[in-house]
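Reproduced below: model33.cif, with mmCIF, N, CA and C atoms.
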```
data_structure
#
loop_
_atom_site.label_atom_id
_atom_site.label_comp_id
_atom_site.auth_asym_id
_atom_site.auth_seq_id
_atom_site.Cartn_x
_atom_site.Cartn_y
_atom_site.Cartn_z
N GLU D 1 -0.62 -9.50 -9.60
CA GLU D 1 -2.02 -9.13 -9.53
C GLU D 1 -2.15 -7.68 -9.96
N GLY D 2 -2.95 -7.42 -10.96
CA GLY D 2 -3.08 -6.08 -11.53
C GLY D 2 -3.62 -5.04 -10.58
N LEU D 3 -4.63 -5.36 -9.81
CA LEU D 3 -5.25 -4.38 -8.92
C LEU D 3 -4.66 -4.37 -7.52
N GLY D 4 -3.98 -5.41 -7.13
CA GLY D 4 -3.38 -5.44 -5.80
C GLY D 4 -4.36 -5.62 -4.66
N THR D 5 -5.52 -6.21 -4.96
CA THR D 5 -6.51 -6.35 -3.88
C THR D 5 -6.03 -7.27 -2.78
N SER D 6 -5.17 -8.23 -3.08
CA SER D 6 -4.65 -9.09 -2.01
C SER D 6 -3.76 -8.29 -1.07
N VAL D 7 -3.07 -7.29 -1.60
CA VAL D 7 -2.25 -6.41 -0.77
C VAL D 7 -3.16 -5.61 0.16
N LEU D 8 -4.24 -5.06 -0.38
CA LEU D 8 -5.18 -4.30 0.44
C LEU D 8 -5.84 -5.19 1.49
N ASP D 9 -6.16 -6.43 1.12
CA ASP D 9 -6.74 -7.37 2.08
C ASP D 9 -5.77 -7.63 3.23
N ALA D 10 -4.51 -7.83 2.90
CA ALA D 10 -3.49 -8.06 3.94
C ALA D 10 -3.37 -6.84 4.85
N MET D 11 -3.37 -5.66 4.26
CA MET D 11 -3.28 -4.43 5.04
C MET D 11 -4.47 -4.29 5.97
N ALA D 12 -5.66 -4.58 5.46
CA ALA D 12 -6.89 -4.48 6.27
C ALA D 12 -6.87 -5.48 7.42
N ALA D 13 -6.20 -6.61 7.20
CA ALA D 13 -6.09 -7.63 8.25
C ALA D 13 -4.99 -7.26 9.25
N GLY D 14 -4.30 -6.15 9.00
CA GLY D 14 -3.26 -5.71 9.91
C GLY D 14 -1.96 -6.45 9.74
N LEU D 15 -1.63 -6.77 8.51
CA LEU D 15 -0.38 -7.47 8.23
C LEU D 15 0.61 -6.56 7.53
N PRO D 16 1.90 -6.70 7.82
CA PRO D 16 2.91 -6.02 7.01
C PRO D 16 2.98 -6.75 5.67
N VAL D 17 3.46 -6.07 4.64
CA VAL D 17 3.46 -6.66 3.30
C VAL D 17 4.85 -6.56 2.67
N CYS D 18 5.30 -7.68 2.12
CA CYS D 18 6.49 -7.70 1.28
C CYS D 18 6.00 -7.96 -0.13
N ALA D 19 6.36 -7.07 -1.04
CA ALA D 19 5.86 -7.19 -2.41
C ALA D 19 6.87 -6.61 -3.38
N THR D 20 6.60 -6.82 -4.66
CA THR D 20 7.46 -6.21 -5.67
C THR D 20 6.85 -4.88 -6.12
N GLU D 21 7.63 -4.11 -6.81
CA GLU D 21 7.23 -2.77 -7.24
C GLU D 21 6.41 -2.78 -8.53
N GLY D 22 5.74 -3.88 -8.81
CA GLY D 22 4.96 -3.99 -10.03
C GLY D 22 3.60 -3.32 -9.92
N GLY D 23 3.10 -2.84 -11.05
CA GLY D 23 1.76 -2.27 -11.12
C GLY D 23 1.56 -1.13 -10.14
N GLY D 24 0.39 -1.14 -9.50
CA GLY D 24 0.04 -0.07 -8.57
C GLY D 24 0.45 -0.34 -7.13
N ILE D 25 1.17 -1.41 -6.90
CA ILE D 25 1.54 -1.79 -5.53
C ILE D 25 2.34 -0.70 -4.81
N PRO D 26 3.28 -0.02 -5.45
CA PRO D 26 3.99 1.05 -4.73
C PRO D 26 3.09 2.18 -4.24
N GLU D 27 1.90 2.33 -4.84
CA GLU D 27 0.97 3.34 -4.35
C GLU D 27 0.32 2.91 -3.04
N MET D 28 0.31 1.61 -2.79
CA MET D 28 -0.33 1.08 -1.58
C MET D 28 0.65 0.92 -0.42
N ILE D 29 1.83 0.44 -0.72
CA ILE D 29 2.80 0.13 0.32
C ILE D 29 3.81 1.26 0.46
N ASP D 30 3.93 1.79 1.65
CA ASP D 30 4.98 2.77 1.94
C ASP D 30 6.19 1.98 2.41
N ASP D 31 7.19 1.89 1.54
CA ASP D 31 8.37 1.09 1.81
C ASP D 31 9.03 1.49 3.12
N GLY D 32 9.19 0.50 4.00
CA GLY D 32 9.80 0.75 5.29
C GLY D 32 8.82 1.14 6.37
N ARG D 33 7.61 1.49 5.99
CA ARG D 33 6.59 1.89 6.98
C ARG D 33 5.48 0.86 7.11
N GLY D 34 5.01 0.34 5.97
CA GLY D 34 3.94 -0.65 5.99
C GLY D 34 4.38 -2.00 5.47
N GLY D 35 5.63 -2.06 5.07
CA GLY D 35 6.17 -3.29 4.52
C GLY D 35 7.43 -2.96 3.74
N PHE D 36 7.78 -3.87 2.87
CA PHE D 36 8.98 -3.67 2.07
C PHE D 36 8.68 -3.93 0.60
N LEU D 37 9.23 -3.08 -0.25
CA LEU D 37 9.10 -3.23 -1.69
C LEU D 37 10.43 -3.66 -2.28
N SER D 38 10.36 -4.55 -3.23
CA SER D 38 11.56 -5.02 -3.93
C SER D 38 11.34 -4.84 -5.43
N PRO D 39 12.42 -4.59 -6.16
CA PRO D 39 12.27 -4.51 -7.61
C PRO D 39 11.74 -5.83 -8.17
N VAL D 40 10.95 -5.74 -9.22
CA VAL D 40 10.43 -6.94 -9.86
C VAL D 40 11.61 -7.81 -10.29
N GLY D 41 11.55 -9.08 -9.94
CA GLY D 41 12.59 -10.02 -10.31
C GLY D 41 13.74 -10.14 -9.33
N ASP D 42 13.77 -9.30 -8.31
CA ASP D 42 14.87 -9.32 -7.32
C ASP D 42 14.48 -10.21 -6.15
N SER D 43 14.59 -11.51 -6.35
CA SER D 43 14.19 -12.46 -5.31
C SER D 43 15.09 -12.38 -4.08
N GLU D 44 16.33 -11.97 -4.26
CA GLU D 44 17.24 -11.84 -3.12
C GLU D 44 16.76 -10.75 -2.17
N ARG D 45 16.42 -9.61 -2.73
CA ARG D 45 15.95 -8.50 -1.88
C ARG D 45 14.61 -8.85 -1.22
N LEU D 46 13.74 -9.51 -1.94
CA LEU D 46 12.46 -9.95 -1.37
C LEU D 46 12.70 -10.91 -0.21
N SER D 47 13.64 -11.80 -0.37
CA SER D 47 14.00 -12.76 0.68
C SER D 47 14.55 -12.04 1.92
N VAL D 48 15.39 -11.05 1.72
CA VAL D 48 15.94 -10.28 2.83
C VAL D 48 14.82 -9.54 3.57
N SER D 49 13.89 -9.00 2.83
CA SER D 49 12.76 -8.28 3.43
C SER D 49 11.91 -9.22 4.28
N LEU D 50 11.62 -10.39 3.76
CA LEU D 50 10.83 -11.37 4.51
C LEU D 50 11.56 -11.79 5.79
N GLU D 51 12.85 -11.97 5.69
CA GLU D 51 13.64 -12.36 6.86
C GLU D 51 13.60 -11.27 7.93
N LYS D 52 13.69 -10.01 7.52
CA LYS D 52 13.60 -8.90 8.47
C LYS D 52 12.30 -8.97 9.26
N LEU D 53 11.21 -9.20 8.55
CA LEU D 53 9.91 -9.27 9.22
C LEU D 53 9.80 -10.48 10.13
N LEU D 54 10.32 -11.60 9.68
CA LEU D 54 10.24 -12.82 10.49
C LEU D 54 11.02 -12.70 11.79
N LYS D 55 12.11 -11.97 11.76
CA LYS D 55 12.99 -11.87 12.93
C LYS D 55 12.67 -10.71 13.87
N ASN D 56 11.76 -9.81 13.47
CA ASN D 56 11.55 -8.61 14.26
C ASN D 56 10.06 -8.40 14.55
N SER D 57 9.61 -8.88 15.69
CA SER D 57 8.18 -8.78 16.02
C SER D 57 7.73 -7.35 16.24
N SER D 58 8.60 -6.50 16.79
CA SER D 58 8.18 -5.10 17.01
C SER D 58 8.02 -4.38 15.67
N LEU D 59 8.85 -4.70 14.69
CA LEU D 59 8.71 -4.11 13.35
C LEU D 59 7.41 -4.58 12.72
N ARG D 60 7.10 -5.87 12.85
CA ARG D 60 5.84 -6.39 12.31
C ARG D 60 4.66 -5.67 12.92
N LYS D 61 4.69 -5.48 14.23
CA LYS D 61 3.57 -4.81 14.91
C LYS D 61 3.43 -3.36 14.45
N LYS D 62 4.54 -2.66 14.36
CA LYS D 62 4.54 -1.26 13.91
C LYS D 62 3.96 -1.14 12.50
N MET D 63 4.41 -2.02 11.60
CA MET D 63 3.92 -1.99 10.22
C MET D 63 2.46 -2.40 10.15
N SER D 64 2.08 -3.33 10.98
CA SER D 64 0.68 -3.78 11.01
C SER D 64 -0.25 -2.63 11.38
N LEU D 65 0.10 -1.90 12.42
CA LEU D 65 -0.72 -0.76 12.85
C LEU D 65 -0.78 0.31 11.77
N TYR D 66 0.35 0.56 11.14
CA TYR D 66 0.41 1.55 10.06
C TYR D 66 -0.52 1.15 8.91
N ASN D 67 -0.47 -0.13 8.52
CA ASN D 67 -1.28 -0.58 7.39
C ASN D 67 -2.77 -0.54 7.68
N LYS D 68 -3.16 -0.80 8.92
CA LYS D 68 -4.59 -0.73 9.26
C LYS D 68 -5.13 0.68 9.04
N LYS D 69 -4.30 1.68 9.28
CA LYS D 69 -4.71 3.06 9.04
C LYS D 69 -4.61 3.42 7.56
N LYS D 70 -3.53 3.04 6.93
CA LYS D 70 -3.28 3.41 5.53
C LYS D 70 -4.32 2.82 4.58
N VAL D 71 -4.78 1.60 4.85
CA VAL D 71 -5.71 0.94 3.94
C VAL D 71 -7.02 1.71 3.81
N LYS D 72 -7.35 2.53 4.78
CA LYS D 72 -8.58 3.31 4.72
C LYS D 72 -8.57 4.31 3.56
N LEU D 73 -7.37 4.66 3.09
CA LEU D 73 -7.27 5.55 1.92
C LEU D 73 -7.80 4.89 0.66
N PHE D 74 -7.96 3.57 0.69
CA PHE D 74 -8.39 2.82 -0.47
C PHE D 74 -9.82 2.29 -0.32
N SER D 75 -10.55 2.86 0.63
CA SER D 75 -11.94 2.45 0.81
C SER D 75 -12.77 2.86 -0.40
N ARG D 76 -13.93 2.29 -0.52
CA ARG D 76 -14.82 2.63 -1.64
C ARG D 76 -15.15 4.13 -1.59
N GLN D 77 -15.44 4.64 -0.41
CA GLN D 77 -15.80 6.06 -0.29
C GLN D 77 -14.63 6.96 -0.67
N SER D 78 -13.45 6.62 -0.20
CA SER D 78 -12.28 7.43 -0.50
C SER D 78 -11.96 7.39 -2.00
N THR D 79 -12.04 6.21 -2.58
CA THR D 79 -11.78 6.07 -4.02
C THR D 79 -12.81 6.85 -4.82
N TYR D 80 -14.06 6.79 -4.40
CA TYR D 80 -15.12 7.55 -5.07
C TYR D 80 -14.80 9.04 -5.03
N ARG D 81 -14.45 9.56 -3.86
CA ARG D 81 -14.16 11.00 -3.73
C ARG D 81 -12.97 11.41 -4.60
N GLN D 82 -11.92 10.61 -4.57
CA GLN D 82 -10.72 10.94 -5.36
C GLN D 82 -11.02 10.89 -6.86
N THR D 83 -11.78 9.91 -7.29
CA THR D 83 -12.15 9.79 -8.70
C THR D 83 -13.01 10.97 -9.13
N LEU D 84 -13.96 11.35 -8.30
CA LEU D 84 -14.82 12.49 -8.59
C LEU D 84 -13.99 13.77 -8.74
N GLU D 85 -13.00 13.95 -7.90
CA GLU D 85 -12.14 15.13 -8.00
C GLU D 85 -11.38 15.16 -9.33
N VAL D 86 -10.91 14.02 -9.78
CA VAL D 86 -10.22 13.95 -11.07
C VAL D 86 -11.18 14.32 -12.19
N TYR D 87 -12.39 13.77 -12.15
CA TYR D 87 -13.39 14.09 -13.18
C TYR D 87 -13.68 15.59 -13.19
N LYS D 88 -13.82 16.18 -12.03
CA LYS D 88 -14.11 17.62 -11.96
C LYS D 88 -12.97 18.43 -12.59
N LYS D 89 -11.73 18.03 -12.33
CA LYS D 89 -10.60 18.74 -12.91
C LYS D 89 -10.57 18.59 -14.43
N VAL D 90 -10.86 17.39 -14.91
CA VAL D 90 -10.86 17.17 -16.36
C VAL D 90 -11.96 18.00 -17.02
N ILE D 91 -13.12 17.99 -16.43
CA ILE D 91 -14.24 18.75 -16.99
C ILE D 91 -13.96 20.25 -16.99
N SER D 92 -13.29 20.74 -15.96
CA SER D 92 -12.98 22.17 -15.89
C SER D 92 -11.67 22.51 -16.59
N HIS D 93 -11.05 21.53 -17.23
CA HIS D 93 -9.83 21.70 -18.02
C HIS D 93 -8.62 22.12 -17.16
N GLU D 94 -8.60 21.69 -15.90
CA GLU D 94 -7.46 22.00 -15.05
C GLU D 94 -6.30 21.05 -15.28
N ILE D 95 -6.55 19.97 -15.97
CA ILE D 95 -5.46 19.00 -16.21
C ILE D 95 -4.90 19.20 -17.59
#
```
Encoded form (structure tokens):
Amino acid sequence: EGLGTSVLDAMAAGLPVCATEGGGIPEMIDDGRGGFLSPVGDSERLSVSLEKLLKNSSLRKKMSLYNKKKVKLFSRQSTYRQTLEVYKKVISHEI
């Protein structure tokens, strides 16, 4: 998924996430804090990550709480503010 909205939906629902490092997903998931990232195509590592979450309820809870907070960085308002800051820098030639 190009935009990773399913990842953000899972985070907003308070779920830990196992995903690959494709596209913008690494910007959303803090590996080891909100879920686990695996290299694209590494099904073995993805499988190990899923197993860790399945076997450890306290880890799932910790990551769930983290993701509920982290997903707020991707709200419409936050995205608007961050985009506006980039535009201001480009216009003022700071980039």
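Our summary of the geometry notes that atom CA of D:Val86 is positioned 25.5 Å from atom CA of D:Ala12.
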> Contacts of D:Phe36 at 7 Å or less, counting only C-alpha atoms, minus same-chain residues fewer than 6 places along, as a PyMOL selection string?
Replying inline: chain D and resi 17-19+49
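Of the residues listed (D:Ser64, D:Thr5, D:Ser47, D:Ser78), D:Ser64 shows the shortest atom-to-atom separation from D:Arg33; distances use all atoms listed in the file.
Reported to one decimal place, the separation of atom N of D:Ser38 from atom C of D:Glu21 is 6.8 Å.
A straight-line distance of 11.4 Å separates atom C of D:Asp9 from atom CA of D:Lys72.
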> Among chain D, which residues carry a DSSP assignment of helix (DSSP H, G or I), reported as a PyMOL selection string?
Replying inline: chain D and resi 5-12+25-28+43-55+57-74+76-91
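Across D:Gly41, D:Asn67, D:Pro26, D:Lys89, the tightest approach to D:Ala13 is made by D:Asn67 when counting only N, CA and C atoms.
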>> Need to verify the contact set: D:Tyr66, 8 Å, all atoms listed in the file, exclusion of same-chain residues closer than 2 positions in sequence. Can you return it as a ChimeraX atom specification?
In response: /D:11,14-15,33-35,60-64,68-71
Can you take the partial stretch 41-67 of chain D, add N, CA, C and O atoms, and return it as a CSV table (one decimal), keeping the file's coordinate frame?
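This went into selection_19.csv:
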```
chain,number,residue,atom,x,y,z
D,41,GLY,N,11.6,-9.1,-9.9
D,41,GLY,CA,12.6,-10.0,-10.3
D,41,GLY,C,13.7,-10.1,-9.3
D,41,GLY,O,14.6,-11.0,-9.5
D,42,ASP,N,13.8,-9.3,-8.3
D,42,ASP,CA,14.9,-9.3,-7.3
D,42,ASP,C,14.5,-10.2,-6.2
D,42,ASP,O,14.1,-9.7,-5.1
D,43,SER,N,14.6,-11.5,-6.4
D,43,SER,CA,14.2,-12.5,-5.3
D,43,SER,C,15.1,-12.4,-4.1
D,43,SER,O,14.6,-12.6,-3.0
D,44,GLU,N,16.3,-12.0,-4.3
D,44,GLU,CA,17.2,-11.8,-3.1
D,44,GLU,C,16.8,-10.8,-2.2
D,44,GLU,O,16.7,-10.9,-1.0
D,45,ARG,N,16.4,-9.6,-2.7
D,45,ARG,CA,16.0,-8.5,-1.9
D,45,ARG,C,14.6,-8.8,-1.2
D,45,ARG,O,14.4,-8.5,-0.1
D,46,LEU,N,13.7,-9.5,-1.9
D,46,LEU,CA,12.5,-10.0,-1.4
D,46,LEU,C,12.7,-10.9,-0.2
D,46,LEU,O,12.1,-10.8,0.8
D,47,SER,N,13.6,-11.8,-0.4
D,47,SER,CA,14.0,-12.8,0.7
D,47,SER,C,14.6,-12.0,1.9
D,47,SER,O,14.2,-12.4,3.1
D,48,VAL,N,15.4,-11.0,1.7
D,48,VAL,CA,15.9,-10.3,2.8
D,48,VAL,C,14.8,-9.5,3.6
D,48,VAL,O,14.8,-9.5,4.8
D,49,SER,N,13.9,-9.0,2.8
D,49,SER,CA,12.8,-8.3,3.4
D,49,SER,C,11.9,-9.2,4.3
D,49,SER,O,11.5,-8.9,5.4
D,50,LEU,N,11.6,-10.4,3.8
D,50,LEU,CA,10.8,-11.4,4.5
D,50,LEU,C,11.6,-11.8,5.8
D,50,LEU,O,10.9,-11.9,6.9
D,51,GLU,N,12.8,-12.0,5.7
D,51,GLU,CA,13.6,-12.4,6.9
D,51,GLU,C,13.6,-11.3,7.9
D,51,GLU,O,13.5,-11.6,9.1
D,52,LYS,N,13.7,-10.0,7.5
D,52,LYS,CA,13.6,-8.9,8.5
D,52,LYS,C,12.3,-9.0,9.3
D,52,LYS,O,12.3,-8.8,10.5
D,53,LEU,N,11.2,-9.2,8.6
D,53,LEU,CA,9.9,-9.3,9.2
D,53,LEU,C,9.8,-10.5,10.1
D,53,LEU,O,9.2,-10.4,11.2
D,54,LEU,N,10.3,-11.6,9.7
D,54,LEU,CA,10.2,-12.8,10.5
D,54,LEU,C,11.0,-12.7,11.8
D,54,LEU,O,10.6,-13.2,12.8
D,55,LYS,N,12.1,-12.0,11.8
D,55,LYS,CA,13.0,-11.9,12.9
D,55,LYS,C,12.7,-10.7,13.9
D,55,LYS,O,13.2,-10.6,15.0
D,56,ASN,N,11.8,-9.8,13.5
D,56,ASN,CA,11.6,-8.6,14.3
D,56,ASN,C,10.1,-8.4,14.6
D,56,ASN,O,9.3,-7.8,13.8
D,57,SER,N,9.6,-8.9,15.7
D,57,SER,CA,8.2,-8.8,16.0
D,57,SER,C,7.7,-7.4,16.2
D,57,SER,O,6.6,-7.0,15.9
D,58,SER,N,8.6,-6.5,16.8
D,58,SER,CA,8.2,-5.1,17.0
D,58,SER,C,8.0,-4.4,15.7
D,58,SER,O,7.1,-3.5,15.5
D,59,LEU,N,8.8,-4.7,14.7
D,59,LEU,CA,8.7,-4.1,13.4
D,59,LEU,C,7.4,-4.6,12.7
D,59,LEU,O,6.7,-3.8,12.1
D,60,ARG,N,7.1,-5.9,12.8
D,60,ARG,CA,5.8,-6.4,12.3
D,60,ARG,C,4.7,-5.7,12.9
D,60,ARG,O,3.7,-5.3,12.2
D,61,LYS,N,4.7,-5.5,14.2
D,61,LYS,CA,3.6,-4.8,14.9
D,61,LYS,C,3.4,-3.4,14.4
D,61,LYS,O,2.3,-2.9,14.2
D,62,LYS,N,4.5,-2.7,14.4
D,62,LYS,CA,4.5,-1.3,13.9
D,62,LYS,C,4.0,-1.1,12.5
D,62,LYS,O,3.1,-0.3,12.2
D,63,MET,N,4.4,-2.0,11.6
D,63,MET,CA,3.9,-2.0,10.2
D,63,MET,C,2.5,-2.4,10.2
D,63,MET,O,1.7,-1.9,9.3
D,64,SER,N,2.1,-3.3,11.0
D,64,SER,CA,0.7,-3.8,11.0
D,64,SER,C,-0.2,-2.6,11.4
D,64,SER,O,-1.3,-2.4,10.7
D,65,LEU,N,0.1,-1.9,12.4
D,65,LEU,CA,-0.7,-0.8,12.8
D,65,LEU,C,-0.8,0.3,11.8
D,65,LEU,O,-1.8,0.9,11.5
D,66,TYR,N,0.4,0.6,11.1
D,66,TYR,CA,0.4,1.6,10.1
D,66,TYR,C,-0.5,1.2,8.9
D,66,TYR,O,-1.3,2.0,8.4
D,67,ASN,N,-0.5,-0.1,8.5
D,67,ASN,CA,-1.3,-0.6,7.4
D,67,ASN,C,-2.8,-0.5,7.7
D,67,ASN,O,-3.6,-0.3,6.8
```
